[in-house]
Amino acid sequence: MPEGRLTSAELADRLGITEEWILSRTGIRERRQARADERLTDYATAAGAQALARAGVEAAELDLVIVATMTQDELTPNTAPLVAYALGANKAGAFDVGAACTAFLSGLALGAGQIEAVGGPGPARWSRLHHADHRL
């Protein structure tokens, strides 16, 4: 997360309102602010690497990288392919979901849909591999 912080009190002073006005409507006491030289791609890559480490999954195992944001670094390329490349997810598809406030939920639904959409038979014919008279 960015080190820079903007408190609701500081924002209220800028806007000529009270901190309580902001808190009562948003519940937000402070926001993180990135410096001009910090890129969203770097933060997304760090978060992705941390998530993979916690899950014990290698980036090369990923099939899809979805980044849900309205604040990508560039118009093109999207952030997700840059993150996938930086993580080493070289075989993964990657795309951004730009849906403003609902981007995270939209990305989550799209990701779940990709898992659910992959289907088909998964048969096994154990008799080819194991004879009934043999012990496992």
# chains A, B, ... in the order shown; residues from 1 in each chain; ligands from 1
>>> select_by_dssp(residues="chain A", states="alpha helix (DSSP H)", output="VMD selection string")
chain A and resid 8 to 15 19 to 26 40 to 55 79 to 87 103 to 117
>>> residues_around(residues="stretch 58-72 of chain A", least_positions_apart="2", cutoff="9 Å", atoms="only C-alpha atoms", output="PyMOL selection string")
chain A and resi 39-41+44+48-49+52-53+55-56+74-76+78-81+83-84+87-108+110-111+114
>>> select_by_dssp(residues="chain A", states="strand (DSSP E or B)", output="list in words")
Gly4, Arg5, Leu6, Thr7, Glu30, Arg31, Arg32, Gln33, Leu64, Val65, Ile66, Val67, Ala68, Gly93, Ala94, Phe95, Asp96 and Val97 of chain A
>>> write_last_selection(atoms="C-alpha atoms", output="PDB file, in the first residue's frame")
ATOM      1  CA  GLY A   4       1.094   8.558   1.654  1.00  0.00           C
ATOM      2  CA  ARG A   5      -2.071   9.233   3.615  1.00  0.00           C
ATOM      3  CA  LEU A   6      -4.893  11.731   3.351  1.00  0.00           C
ATOM      4  CA  THR A   7      -7.103  11.884   6.426  1.00  0.00           C
ATOM      5  CA  GLU A  30      -8.039   8.020   5.881  1.00  0.00           C
ATOM      6  CA  ARG A  31      -7.109   7.128   2.340  1.00  0.00           C
ATOM      7  CA  ARG A  32      -3.793   5.951   0.983  1.00  0.00           C
ATOM      8  CA  GLN A  33      -2.218   8.099  -1.705  1.00  0.00           C
ATOM      9  CA  LEU A  64      -6.218 -16.102 -15.853  1.00  0.00           C
ATOM     10  CA  VAL A  65      -5.285 -12.774 -14.274  1.00  0.00           C
ATOM     11  CA  ILE A  66      -8.072 -10.226 -13.769  1.00  0.00           C
ATOM     12  CA  VAL A  67      -7.352  -6.717 -12.487  1.00  0.00           C
ATOM     13  CA  ALA A  68     -10.431  -4.769 -11.403  1.00  0.00           C
ATOM     14  CA  GLY A  93      -4.934 -14.868 -20.127  1.00  0.00           C
ATOM     15  CA  ALA A  94      -5.234 -11.385 -18.652  1.00  0.00           C
ATOM     16  CA  PHE A  95      -7.708  -8.536 -18.811  1.00  0.00           C
ATOM     17  CA  ASP A  96      -8.890  -5.529 -16.814  1.00  0.00           C
ATOM     18  CA  VAL A  97     -12.400  -4.954 -15.532  1.00  0.00           C
TER      19      VAL A  97
END
